[in-house]
file final_13.cif (mmCIF, C-alpha atoms)
data_work
#
loop_
_atom_site.label_atom_id
_atom_site.label_comp_id
_atom_site.auth_asym_id
_atom_site.auth_seq_id
_atom_site.Cartn_x
_atom_site.Cartn_y
_atom_site.Cartn_z
CA MET A 254 7.03 26.41 30.88
CA HIS A 255 4.45 23.69 31.40
CA ASP A 256 4.86 21.42 34.39
CA VAL A 257 6.08 18.00 33.31
CA ILE A 258 5.04 14.86 35.19
CA ARG A 259 7.37 11.90 34.75
CA ASP A 260 6.62 8.24 35.39
CA ALA A 261 7.80 4.89 34.03
CA HIS A 262 5.52 5.00 31.01
CA SER A 263 4.89 8.53 29.81
CA LEU A 264 5.74 12.17 29.85
CA THR A 265 2.55 14.18 30.29
CA LEU A 266 2.28 17.66 28.76
CA ALA A 267 -0.51 20.23 29.00
CA ALA A 268 -1.19 19.77 25.28
CA GLY A 269 -1.30 16.00 25.45
CA HIS A 270 0.96 13.03 26.22
CA LEU A 271 4.31 11.84 25.04
CA HIS A 272 3.97 8.08 25.47
CA ARG A 273 7.27 6.27 25.89
CA VAL A 274 7.57 3.03 23.94
CA GLY A 275 10.50 0.73 23.37
CA ASN A 276 12.73 -1.83 25.02
CA ALA A 277 13.09 -1.33 28.76
CA ARG A 278 16.02 -3.78 28.90
CA ASP A 279 18.38 -1.81 26.65
CA ARG A 280 16.73 1.52 27.58
CA ARG A 281 16.03 2.49 23.96
CA PHE A 282 12.77 4.42 23.83
CA THR A 283 10.75 6.44 21.34
CA LEU A 284 8.29 9.14 22.32
CA VAL A 285 4.98 9.21 20.46
CA GLN A 286 2.75 12.24 20.92
CA ILE A 287 -0.84 11.56 22.00
CA LEU A 288 -3.36 14.39 21.67
CA GLY A 289 -7.06 14.62 22.39
CA THR A 290 -9.70 15.39 19.78
CA ASP A 291 -10.20 19.14 20.14
CA GLU A 292 -9.84 21.66 17.30
CA HIS A 293 -6.11 22.00 17.88
CA ALA A 294 -5.67 18.22 17.59
CA VAL A 295 -7.73 18.09 14.39
CA HIS A 296 -5.62 20.76 12.70
CA THR A 297 -2.36 19.25 14.00
CA ALA A 298 -3.37 15.89 12.54
CA ALA A 299 -4.48 17.39 9.22
CA SER A 300 -1.18 19.29 8.91
CA ALA A 301 0.85 16.15 9.62
CA LEU A 302 -1.15 14.18 7.04
CA ALA A 303 -0.68 16.94 4.45
CA GLU A 304 3.09 16.56 4.98
CA GLY A 305 2.86 12.84 4.19
CA LYS A 306 3.13 11.60 7.78
CA LEU A 307 1.20 8.74 9.41
CA VAL A 308 -1.35 9.60 12.09
CA ALA A 309 -3.33 7.14 14.20
CA ILE A 310 -6.90 8.36 14.44
CA PRO A 311 -9.91 7.12 16.39
CA THR A 312 -13.04 6.02 14.57
CA GLU A 313 -16.22 4.46 15.92
CA THR A 314 -15.01 1.03 14.71
CA VAL A 315 -11.33 0.76 15.69
CA TYR A 316 -8.32 3.09 15.60
CA GLY A 317 -7.00 3.64 12.07
CA LEU A 318 -3.47 4.20 10.77
CA ALA A 319 -4.13 7.09 8.41
CA ALA A 320 -2.30 8.58 5.45
CA ASP A 321 -3.28 10.84 2.57
CA ALA A 322 -4.73 8.38 0.03
CA THR A 323 -3.47 10.50 -2.89
CA ASN A 324 0.17 10.45 -1.69
CA GLY A 325 2.00 7.29 -2.79
CA ASP A 326 4.92 7.74 -0.40
CA ALA A 327 2.56 8.19 2.55
CA VAL A 328 0.48 5.14 1.59
CA ALA A 329 3.65 3.07 1.23
CA ARG A 330 4.53 4.02 4.82
CA ILE A 331 1.28 2.37 5.98
CA PHE A 332 2.32 -0.95 4.43
CA GLU A 333 5.82 -0.56 5.87
CA ALA A 334 4.63 0.33 9.39
CA LYS A 335 2.08 -2.49 9.53
CA GLY A 336 4.14 -5.08 7.62
CA ARG A 337 1.02 -5.43 5.45
CA PRO A 338 1.06 -7.42 2.18
CA HIS A 339 0.76 -5.09 -0.82
CA PHE A 340 -1.97 -7.26 -2.38
CA ASN A 341 -4.31 -6.44 0.54
CA PRO A 342 -6.27 -3.27 -0.37
CA LEU A 343 -7.00 -0.39 1.99
CA ILE A 344 -10.25 1.35 2.88
CA CYS A 345 -10.48 5.00 1.83
CA HIS A 346 -12.27 7.26 4.32
CA VAL A 347 -14.23 10.31 3.17
CA SER A 348 -15.96 13.15 5.01
CA HIS A 349 -19.18 13.25 2.95
CA ILE A 350 -20.91 11.58 0.01
CA ALA A 351 -19.85 14.35 -2.38
CA MET A 352 -16.21 13.45 -1.66
CA ALA A 353 -16.98 9.79 -2.36
CA GLU A 354 -18.45 10.80 -5.74
CA ARG A 355 -15.09 12.33 -6.73
CA TYR A 356 -13.45 8.92 -6.66
CA ALA A 357 -16.06 6.22 -7.32
CA GLU A 358 -19.07 5.41 -9.48
CA ILE A 359 -21.96 5.17 -7.03
CA ASP A 360 -24.98 3.12 -8.10
CA PRO A 361 -28.49 3.97 -6.81
CA LEU A 362 -28.66 1.08 -4.32
CA SER A 363 -25.28 1.94 -2.79
CA ARG A 364 -26.40 5.57 -2.56
CA ARG A 365 -29.56 4.47 -0.75
CA LEU A 366 -27.48 2.57 1.79
CA MET A 367 -25.12 5.54 2.20
CA ASP A 368 -28.09 7.78 2.97
CA ALA A 369 -29.26 5.25 5.57
CA PHE A 370 -25.98 4.42 7.32
CA TRP A 371 -23.36 7.10 6.65
CA PRO A 372 -21.56 8.23 8.68
CA GLY A 373 -21.15 4.81 10.23
CA PRO A 374 -19.47 1.39 10.15
CA LEU A 375 -20.38 0.47 6.55
CA THR A 376 -17.87 0.28 3.68
CA PHE A 377 -18.74 0.01 -0.01
CA VAL A 378 -16.61 -1.58 -2.72
CA LEU A 379 -17.30 0.52 -5.82
CA PRO A 380 -15.87 1.00 -9.34
CA LEU A 381 -12.90 3.37 -9.17
CA LYS A 382 -13.20 6.37 -11.48
CA PRO A 383 -10.42 6.68 -14.09
CA ASP A 384 -7.75 9.22 -13.10
CA ALA A 385 -9.46 9.71 -9.74
CA GLY A 386 -6.18 10.58 -8.03
CA ILE A 387 -6.24 7.74 -5.49
CA HIS A 388 -2.79 6.17 -5.42
CA PRO A 389 -2.78 2.64 -6.98
CA LEU A 390 -1.31 1.13 -3.78
CA VAL A 391 -4.60 1.86 -2.00
CA ALA A 392 -6.61 -0.35 -4.37
CA ALA A 393 -3.85 -3.01 -4.55
CA GLY A 394 -4.16 -3.22 -8.33
CA LEU A 395 -7.95 -3.65 -8.35
CA ASP A 396 -10.31 -1.51 -10.44
CA THR A 397 -12.49 -0.93 -7.39
CA ILE A 398 -12.14 1.21 -4.29
CA ALA A 399 -13.42 0.59 -0.74
CA LEU A 400 -15.03 3.74 0.68
CA ARG A 401 -16.34 4.58 4.14
CA MET A 402 -17.53 7.72 5.94
CA PRO A 403 -16.57 7.50 9.63
CA ARG A 404 -18.32 9.22 12.51
CA GLY A 405 -16.68 11.68 14.87
CA VAL A 406 -13.26 13.31 14.79
CA ALA A 407 -12.01 11.26 11.83
CA GLY A 408 -14.55 12.99 9.58
CA LYS A 409 -13.41 16.39 10.86
CA ILE A 410 -9.78 15.59 10.03
CA ILE A 411 -10.69 14.44 6.52
CA ALA A 412 -12.76 17.59 5.94
CA ALA A 413 -9.86 19.77 7.13
CA LEU A 414 -7.45 17.95 4.81
CA ASP A 415 -10.03 17.88 1.98
CA ARG A 416 -8.60 14.61 0.73
CA PRO A 417 -9.55 11.00 1.51
CA LEU A 418 -7.56 9.02 4.05
CA ALA A 419 -6.34 5.48 3.56
CA ALA A 420 -6.71 4.07 7.06
CA PRO A 421 -6.50 0.37 7.89
CA SER A 422 -6.64 -0.66 11.53
CA ALA A 423 -3.74 0.70 13.56
CA ASN A 424 -1.93 -2.53 14.42
CA ALA A 425 0.76 -4.80 13.00
CA SER A 426 -0.65 -6.69 10.02
CA GLY A 427 -2.63 -9.78 10.93
CA LYS A 428 -2.58 -8.98 14.65
CA ILE A 429 -5.32 -7.81 17.00
CA SER A 430 -6.83 -4.45 16.03
CA GLY A 431 -6.28 -1.50 18.37
CA THR A 432 -9.34 -0.12 20.16
CA SER A 433 -7.53 2.41 22.36
CA ALA A 434 -4.73 4.94 21.96
CA LYS A 435 -2.55 2.98 24.38
CA ALA A 436 -2.97 -0.23 22.38
CA VAL A 437 -1.89 1.63 19.25
CA ALA A 438 1.09 3.22 21.01
CA ASP A 439 2.24 -0.12 22.42
CA ASP A 440 2.00 -1.80 18.99
CA LEU A 441 3.07 0.89 16.50
CA GLY A 442 4.32 3.74 18.68
CA GLN A 443 7.89 3.45 17.40
CA LYS A 444 6.71 3.90 13.79
CA ILE A 445 4.38 6.90 14.06
CA ALA A 446 4.69 10.32 15.61
CA LEU A 447 1.09 11.25 16.46
CA ILE A 448 -1.98 9.52 17.90
CA LEU A 449 -5.35 11.14 18.61
CA ASP A 450 -7.11 9.72 21.67
CA SER A 451 -10.91 9.63 22.01
CA GLY A 452 -11.00 6.78 24.51
CA PRO A 453 -12.15 3.19 23.81
CA SER A 454 -13.66 2.53 20.39
CA GLU A 455 -17.46 2.67 20.48
CA VAL A 456 -18.15 -0.27 18.14
CA GLY A 457 -14.91 -2.23 18.61
CA LEU A 458 -15.12 -4.14 15.30
CA GLU A 459 -14.05 -3.06 11.83
CA SER A 460 -16.72 -1.93 9.40
CA THR A 461 -19.07 -4.19 7.48
CA ILE A 462 -18.07 -4.33 3.79
CA VAL A 463 -20.61 -4.75 0.98
CA LYS A 464 -20.58 -4.68 -2.80
CA VAL A 465 -23.63 -4.11 -5.02
CA GLN A 466 -23.69 -6.47 -7.98
CA GLY A 467 -26.76 -5.97 -10.13
CA ASP A 468 -29.79 -6.32 -7.88
CA ALA A 469 -27.81 -8.26 -5.26
CA VAL A 470 -25.79 -6.93 -2.34
CA LEU A 471 -22.78 -9.09 -1.47
CA LEU A 472 -21.50 -9.25 2.10
CA LEU A 473 -17.72 -9.24 1.67
CA ARG A 474 -16.93 -8.89 5.37
CA PRO A 475 -19.31 -8.87 8.35
CA GLY A 476 -18.54 -6.07 10.77
CA GLY A 477 -19.85 -3.33 13.02
CA LEU A 478 -23.18 -2.96 11.20
CA ALA A 479 -25.36 -6.05 11.49
CA ALA A 480 -26.48 -7.73 8.26
CA GLU A 481 -30.09 -7.61 9.45
CA ASP A 482 -29.98 -3.78 9.55
CA ILE A 483 -28.82 -3.63 5.92
CA GLU A 484 -31.40 -6.19 4.85
CA ALA A 485 -34.16 -4.08 6.42
CA VAL A 486 -33.24 -1.21 4.07
CA ILE A 487 -32.76 -3.19 0.84
CA GLY A 488 -35.71 -5.53 1.42
CA ASN A 489 -33.63 -8.61 0.52
CA LYS A 490 -31.13 -10.97 2.09
CA LEU A 491 -27.45 -10.20 1.72
CA GLU A 492 -25.56 -12.74 -0.33
CA ARG A 493 -22.60 -14.31 1.47
CA ILE A 494 -19.48 -14.99 -0.57
CA ASP A 495 -16.97 -17.82 -0.30
CA GLN A 496 -14.34 -16.39 2.06
CA ARG A 497 -11.73 -18.53 0.27
CA ALA A 498 -12.32 -16.55 -2.94
CA ALA A 499 -9.89 -13.96 -4.30
CA ILE A 500 -9.45 -10.88 -2.10
CA GLN A 501 -11.96 -8.19 -3.08
CA ALA A 502 -11.79 -6.06 0.06
CA PRO A 503 -9.71 -5.47 3.20
CA GLY A 504 -9.94 -8.02 6.00
CA MET A 505 -10.49 -11.06 3.76
CA MET A 506 -7.19 -12.83 4.47
CA ALA A 507 -7.75 -16.26 6.04
CA SER A 508 -5.39 -15.62 8.97
CA HIS A 509 -6.04 -12.20 10.48
CA TYR A 510 -6.65 -10.47 13.83
CA ALA A 511 -4.39 -13.14 15.33
CA PRO A 512 -2.93 -13.11 18.85
CA SER A 513 0.37 -14.82 19.60
CA ALA A 514 -1.49 -17.49 21.57
CA VAL A 515 -3.28 -20.36 19.85
CA VAL A 516 -7.06 -19.85 19.73
CA ARG A 517 -9.59 -22.67 20.38
CA LEU A 518 -13.16 -21.87 19.32
CA ASN A 519 -16.62 -23.01 20.48
CA VAL A 520 -15.17 -24.51 23.62
CA HIS A 521 -17.52 -26.49 25.89
CA GLU A 522 -14.74 -27.75 28.16
CA VAL A 523 -11.77 -25.70 29.33
CA ARG A 524 -8.37 -27.32 29.79
CA GLU A 525 -6.18 -26.56 32.77
CA GLY A 526 -3.99 -23.50 32.30
CA GLU A 527 -5.83 -22.05 29.31
CA ALA A 528 -6.97 -18.43 29.18
CA LEU A 529 -10.77 -18.29 28.85
CA LEU A 530 -12.66 -15.80 26.69
CA ALA A 531 -16.16 -16.26 28.07
CA PHE A 532 -19.56 -15.08 26.87
CA GLY A 533 -22.87 -14.84 28.70
CA PRO A 534 -23.93 -15.96 32.18
CA GLU A 535 -23.22 -19.71 31.85
CA ARG A 536 -19.70 -21.17 31.89
CA ALA A 537 -18.12 -24.03 29.97
CA ARG A 538 -17.17 -27.13 31.95
CA GLY A 539 -13.85 -26.77 33.71
CA ALA A 540 -13.92 -22.95 33.60
CA GLU A 541 -12.43 -22.95 37.10
CA LEU A 542 -9.28 -24.55 35.64
CA ALA A 543 -8.55 -21.50 33.48
CA ALA A 544 -5.43 -19.56 34.39
CA THR A 545 -7.32 -16.33 33.73
CA SER A 546 -10.61 -15.33 32.17
CA LEU A 547 -12.54 -12.37 30.80
CA ASN A 548 -16.23 -12.27 29.89
CA LEU A 549 -17.15 -10.40 26.69
CA SER A 550 -20.62 -9.77 28.09
CA GLU A 551 -21.98 -11.35 31.26
CA THR A 552 -25.52 -10.65 30.08
CA GLY A 553 -24.96 -12.05 26.56
CA ASN A 554 -25.21 -8.62 24.89
CA LEU A 555 -23.57 -8.90 21.45
CA ARG A 556 -22.99 -5.16 21.10
CA GLU A 557 -21.07 -5.14 24.40
CA ALA A 558 -19.19 -8.26 23.30
CA ALA A 559 -18.17 -6.64 20.00
CA ALA A 560 -16.87 -3.55 21.78
CA ASN A 561 -14.79 -5.70 24.15
CA LEU A 562 -13.52 -8.33 21.70
CA PHE A 563 -10.14 -6.99 20.59
CA ASP A 564 -9.24 -5.44 23.94
CA PHE A 565 -10.01 -8.66 25.81
CA MET A 566 -8.16 -10.83 23.27
CA LYS A 567 -5.10 -8.59 23.62
CA ARG A 568 -5.27 -8.78 27.42
CA LEU A 569 -5.58 -12.58 27.43
CA ASP A 570 -2.77 -12.80 24.89
CA GLY A 571 -0.54 -10.99 27.38
CA SER A 572 -1.19 -13.61 30.07
CA VAL A 573 0.97 -16.65 30.77
CA SER A 574 -1.34 -18.98 28.81
CA ALA A 575 -0.30 -20.30 25.40
CA VAL A 576 -3.91 -21.06 24.43
CA ILE A 577 -7.03 -18.90 24.48
CA ALA A 578 -10.23 -20.96 24.78
CA VAL A 579 -13.34 -19.18 23.46
CA GLU A 580 -16.85 -20.10 24.54
CA PRO A 581 -19.53 -20.33 21.80
CA ILE A 582 -21.00 -17.05 20.58
CA PRO A 583 -24.29 -16.93 18.64
CA PHE A 584 -24.18 -15.97 14.95
CA ASN A 585 -27.14 -13.57 14.89
CA GLY A 586 -26.68 -9.79 14.66
CA LEU A 587 -23.15 -8.66 15.48
CA GLY A 588 -22.36 -12.25 16.43
CA GLU A 589 -21.67 -12.95 12.76
CA ALA A 590 -18.85 -10.38 12.71
CA ILE A 591 -17.51 -11.51 16.11
CA ASN A 592 -17.33 -15.11 14.89
CA ASP A 593 -15.71 -14.00 11.61
CA ARG A 594 -12.89 -12.31 13.55
CA LEU A 595 -12.48 -15.29 15.85
CA VAL A 596 -12.29 -17.77 12.96
CA ARG A 597 -9.57 -15.67 11.31
CA ALA A 598 -7.74 -15.34 14.65
CA ALA A 599 -7.80 -19.13 14.99
CA ALA A 600 -6.76 -19.86 11.38
CA PRO A 601 -3.69 -22.10 10.93
CA ARG A 602 -0.42 -20.19 10.88
CA ALA A 603 3.26 -20.97 11.20
CA LEU A 604 4.27 -21.49 14.83
CA SER A 605 7.70 -21.09 16.34
CA THR A 606 9.41 -24.02 18.07
CA ASP A 607 8.80 -22.36 21.45
CA GLU A 608 5.07 -22.02 20.71
CA MET A 609 4.83 -25.65 19.65
CA ASP A 610 6.54 -26.76 22.88
CA GLN A 611 4.12 -24.66 24.96
CA ILE A 612 0.97 -26.24 23.55
CA LYS A 613 2.13 -29.89 23.46
#

call {"tool": "encode", "arguments": {"input": "final_13.cif", "output": "structure tokens"}}
result
Amino acid sequence: MHDVIRDAHSLTLAAGHLHRVGNARDRRFTLVQILGTDEHAVHTAASALAEGKLVAIPTETVYGLAADATNGDAVARIFEAKGRPHFNPLICHVSHIAMAERYAEIDPLSRRLMDAFWPGPLTFVLPLKPDAGIHPLVAAGLDTIALRMPRGVAGKIIAALDRPLAAPSANASGKISGTSAKAVADDLGQKIALILDSGPSEVGLESTIVKVQGDAVLLLRPGGLAAEDIEAVIGNKLERIDQRAAIQAPGMMASHYAPSAVVRLNVHEVREGEALLAFGPERARGAELAATSLNLSETGNLREAAANLFDFMKRLDGSVSAVIAVEPIPFNGLGEAINDRLVRAAAPRALSTDEMDQIK
């Protein structure tokens, strides 16, 4: 029998971890299994997904909460586990372009971009083929489907299952996306049985979402692939859409990626007791008054900042501060996606009485 190491947080097995989550006060805990990304883990995950279970899988963007996209009961469990509104569509993940062609009509320009950037952090909104077999919950009643081909172990799992995976970010709906197995376990561990762990997410932001409309390419959501990289391939500027328009793709809700703390953006002066999310080598006035601070990138590197964003927001949200002050971040390159997430995190939302009292 394998040696078992016990501590306050987990039970560690030779084949992986059983991470203990739950309420320490009333001593009610759930064990969620955490495996690596070897061949055994891939087949274990594929088998669980084939049975209609939810599996949290790592991708280069963020961790995803995956289910067989052709299984309505399994897809419904995603919405239940996340508390996600049913009008918010899900991204379908495929293992190769041929799989994408089973489910969507792919125009020549989209195909050109797939050849350039797949596998990678780019999602396409495409016409859904009639009787494609994708469950209607995935598309949230739309006649389009969002498709992406992820890098790494996620693609291996999809290939083993030979069916697409619906996989939004593995976090409670509207909250900060998980970029590590531990973050996923702490947030959703009581609602899923299996997590695959490949370490911190490489990109740290959800995928960029585009839609080809005639000769134009619409940017529906900035993300882990910079707009400038796409524009270099198509030879034209991406067209930005009004983010207040009707939802066409995942991640377009006004309030999203939100911590419990209130978020103040483009801060040039920090107030006493705030948590500071800094960027670059120069500090805002009053930075020394912050209760705690983290710097997304001390050198001002936007790729490093993107990779750190959700992890640092989650860590600051766990501090004693009721407000997170965010220093200005440039809009070029991945800065556009970083600012998009921050604006949604700072969007007005209903506050509890306790929260209102804290920020008065």

call {"tool": "closest_residue", "arguments": {"input": "final_13.cif", "among": "A:Leu542, A:Ala479, A:Ile487, A:Leu390", "to": "A:Ile591", "atoms": "all atoms listed in the file"}}
result
A:Ala479

call {"tool": "resolve_selection", "arguments": {"input": "final_13.cif", "expression": "the PyMOL selection byres ((chain A and resi 413) around 8)", "output": "PDB file with C-alpha atoms, keeping the file's coordinate frame"}}
result
ATOM      1  CA  VAL A 295      -7.730  18.090  14.390  1.00  0.00           C
ATOM      2  CA  HIS A 296      -5.620  20.760  12.700  1.00  0.00           C
ATOM      3  CA  ALA A 299      -4.480  17.390   9.220  1.00  0.00           C
ATOM      4  CA  LYS A 409     -13.410  16.390  10.860  1.00  0.00           C
ATOM      5  CA  ILE A 410      -9.780  15.590  10.030  1.00  0.00           C
ATOM      6  CA  ILE A 411     -10.690  14.440   6.520  1.00  0.00           C
ATOM      7  CA  ALA A 412     -12.760  17.590   5.940  1.00  0.00           C
ATOM      8  CA  LEU A 414      -7.450  17.950   4.810  1.00  0.00           C
ATOM      9  CA  ASP A 415     -10.030  17.880   1.980  1.00  0.00           C
TER      10      ASP A 415
END

call {"tool": "resolve_selection", "arguments": {"input": "final_13.cif", "expression": "the PyMOL selection byres ((chain A and resi 315) around 9)", "output": "PDB file with C-alpha atoms, in the frame of the given file"}}
result
ATOM      1  CA  ILE A 310      -6.900   8.360  14.440  1.00  0.00           C
ATOM      2  CA  PRO A 311      -9.910   7.120  16.390  1.00  0.00           C
ATOM      3  CA  THR A 312     -13.040   6.020  14.570  1.00  0.00           C
ATOM      4  CA  GLU A 313     -16.220   4.460  15.920  1.00  0.00           C
ATOM      5  CA  THR A 314     -15.010   1.030  14.710  1.00  0.00           C
ATOM      6  CA  TYR A 316      -8.320   3.090  15.600  1.00  0.00           C
ATOM      7  CA  GLY A 317      -7.000   3.640  12.070  1.00  0.00           C
ATOM      8  CA  SER A 422      -6.640  -0.660  11.530  1.00  0.00           C
ATOM      9  CA  ALA A 423      -3.740   0.700  13.560  1.00  0.00           C
ATOM     10  CA  SER A 430      -6.830  -4.450  16.030  1.00  0.00           C
ATOM     11  CA  GLY A 431      -6.280  -1.500  18.370  1.00  0.00           C
ATOM     12  CA  THR A 432      -9.340  -0.120  20.160  1.00  0.00           C
ATOM     13  CA  SER A 433      -7.530   2.410  22.360  1.00  0.00           C
ATOM     14  CA  PRO A 453     -12.150   3.190  23.810  1.00  0.00           C
ATOM     15  CA  SER A 454     -13.660   2.530  20.390  1.00  0.00           C
ATOM     16  CA  GLU A 455     -17.460   2.670  20.480  1.00  0.00           C
ATOM     17  CA  VAL A 456     -18.150  -0.270  18.140  1.00  0.00           C
ATOM     18  CA  GLY A 457     -14.910  -2.230  18.610  1.00  0.00           C
ATOM     19  CA  LEU A 458     -15.120  -4.140  15.300  1.00  0.00           C
ATOM     20  CA  GLU A 459     -14.050  -3.060  11.830  1.00  0.00           C
ATOM     21  CA  SER A 460     -16.720  -1.930   9.400  1.00  0.00           C
TER      22      SER A 460
END

call {"tool": "resolve_selection", "arguments": {"input": "final_13.cif", "expression": "the PyMOL selection byres ((chain A and resi 536-538) around 9)", "output": "PyMOL selection string"}}
result
chain A and resi 520-523+531-535+539-541+580

call {"tool": "atom_distance", "arguments": {"input": "final_13.cif", "atom1": "atom CA of A:Val437", "atom2": "atom CA of A:Asn519"}}
result
28.7 Å

call {"tool": "closest_residue", "arguments": {"input": "final_13.cif", "among": "A:Val406, A:Met566, A:Ala590, A:Ala320", "to": "A:Cys345", "atoms": "only C-alpha atoms"}}
result
A:Ala320

call {"tool": "atom_distance", "arguments": {"input": "final_13.cif", "atom1": "atom CA of A:Asp439", "atom2": "atom CA of A:Ser300"}}
result
23.9 Å

call {"tool": "residues_around", "arguments": {"input": "final_13.cif", "residues": "A:Ala446", "least_positions_apart": "5", "cutoff": "9 Å", "atoms": "all atoms listed in the file", "output": "count of residues only"}}
result
8

call {"tool": "closest_residue", "arguments": {"input": "final_13.cif", "among": "A:Lys435, A:His346, A:Arg594, A:Lys444", "to": "A:Ile398", "atoms": "all atoms listed in the file"}}
result
A:His346

call {"tool": "residues_around", "arguments": {"input": "final_13.cif", "residues": "A:Asp570", "least_positions_apart": "4", "cutoff": "8 Å", "atoms": "all atoms listed in the file", "output": "list in words"}}
result
Pro512, Ser513, Ala514, Met566, Ser574, Ala575 and Ile577 of chain A

call {"tool": "residues_around", "arguments": {"input": "final_13.cif", "residues": "stretch 351-353 of chain A", "least_positions_apart": "3", "cutoff": "8 Å", "atoms": "only C-alpha atoms", "output": "PDB file with C-alpha atoms, in the frame of the given file"}}
result
ATOM      1  CA  VAL A 347     -14.230  10.310   3.170  1.00  0.00           C
ATOM      2  CA  SER A 348     -15.960  13.150   5.010  1.00  0.00           C
ATOM      3  CA  TYR A 356     -13.450   8.920  -6.660  1.00  0.00           C
ATOM      4  CA  ALA A 357     -16.060   6.220  -7.320  1.00  0.00           C
ATOM      5  CA  LEU A 400     -15.030   3.740   0.680  1.00  0.00           C
ATOM      6  CA  PRO A 417      -9.550  11.000   1.510  1.00  0.00           C
TER       7      PRO A 417
END

call {"tool": "atom_distance", "arguments": {"input": "final_13.cif", "atom1": "atom CA of A:Ile387", "atom2": "atom CA of A:Ala322"}}
result
5.8 Å

call {"tool": "residues_near_point", "arguments": {"input": "final_13.cif", "point": "(-8.2, 8.2, -12.3)", "cutoff": "12 Å", "atoms": "only C-alpha atoms", "output": "PyMOL selection string"}}
result
chain A and resi 323+355-358+380-389+392+396-398

call {"tool": "residues_around", "arguments": {"input": "final_13.cif", "residues": "A:Met367", "least_positions_apart": "4", "cutoff": "12 Å", "atoms": "all atoms listed in the file", "output": "PDB file with C-alpha atoms, keeping the file's coordinate frame"}}
result
ATOM      1  CA  VAL A 347     -14.230  10.310   3.170  1.00  0.00           C
ATOM      2  CA  HIS A 349     -19.180  13.250   2.950  1.00  0.00           C
ATOM      3  CA  ILE A 350     -20.910  11.580   0.010  1.00  0.00           C
ATOM      4  CA  ALA A 351     -19.850  14.350  -2.380  1.00  0.00           C
ATOM      5  CA  ALA A 353     -16.980   9.790  -2.360  1.00  0.00           C
ATOM      6  CA  GLU A 354     -18.450  10.800  -5.740  1.00  0.00           C
ATOM      7  CA  ILE A 359     -21.960   5.170  -7.030  1.00  0.00           C
ATOM      8  CA  ASP A 360     -24.980   3.120  -8.100  1.00  0.00           C
ATOM      9  CA  PRO A 361     -28.490   3.970  -6.810  1.00  0.00           C
ATOM     10  CA  LEU A 362     -28.660   1.080  -4.320  1.00  0.00           C
ATOM     11  CA  SER A 363     -25.280   1.940  -2.790  1.00  0.00           C
ATOM     12  CA  TRP A 371     -23.360   7.100   6.650  1.00  0.00           C
ATOM     13  CA  PRO A 372     -21.560   8.230   8.680  1.00  0.00           C
ATOM     14  CA  GLY A 373     -21.150   4.810  10.230  1.00  0.00           C
ATOM     15  CA  PRO A 374     -19.470   1.390  10.150  1.00  0.00           C
ATOM     16  CA  LEU A 375     -20.380   0.470   6.550  1.00  0.00           C
ATOM     17  CA  THR A 376     -17.870   0.280   3.680  1.00  0.00           C
ATOM     18  CA  PHE A 377     -18.740   0.010  -0.010  1.00  0.00           C
ATOM     19  CA  LEU A 400     -15.030   3.740   0.680  1.00  0.00           C
ATOM     20  CA  ARG A 401     -16.340   4.580   4.140  1.00  0.00           C
ATOM     21  CA  MET A 402     -17.530   7.720   5.940  1.00  0.00           C
ATOM     22  CA  PRO A 403     -16.570   7.500   9.630  1.00  0.00           C
ATOM     23  CA  VAL A 463     -20.610  -4.750   0.980  1.00  0.00           C
ATOM     24  CA  ILE A 483     -28.820  -3.630   5.920  1.00  0.00           C
ATOM     25  CA  VAL A 486     -33.240  -1.210   4.070  1.00  0.00           C
ATOM     26  CA  ILE A 487     -32.760  -3.190   0.840  1.00  0.00           C
TER      27      ILE A 487
END

call {"tool": "closest_residue", "arguments": {"input": "final_13.cif", "among": "A:Gly394, A:Pro583, A:Gly476, A:Gly325", "to": "A:His339", "atoms": "only C-alpha atoms"}}
result
A:Gly394

call {"tool": "closest_residue", "arguments": {"input": "final_13.cif", "among": "A:Phe584, A:Asn424, A:Leu472, A:Glu557", "to": "A:Ala334", "atoms": "all atoms listed in the file"}}
result
A:Asn424
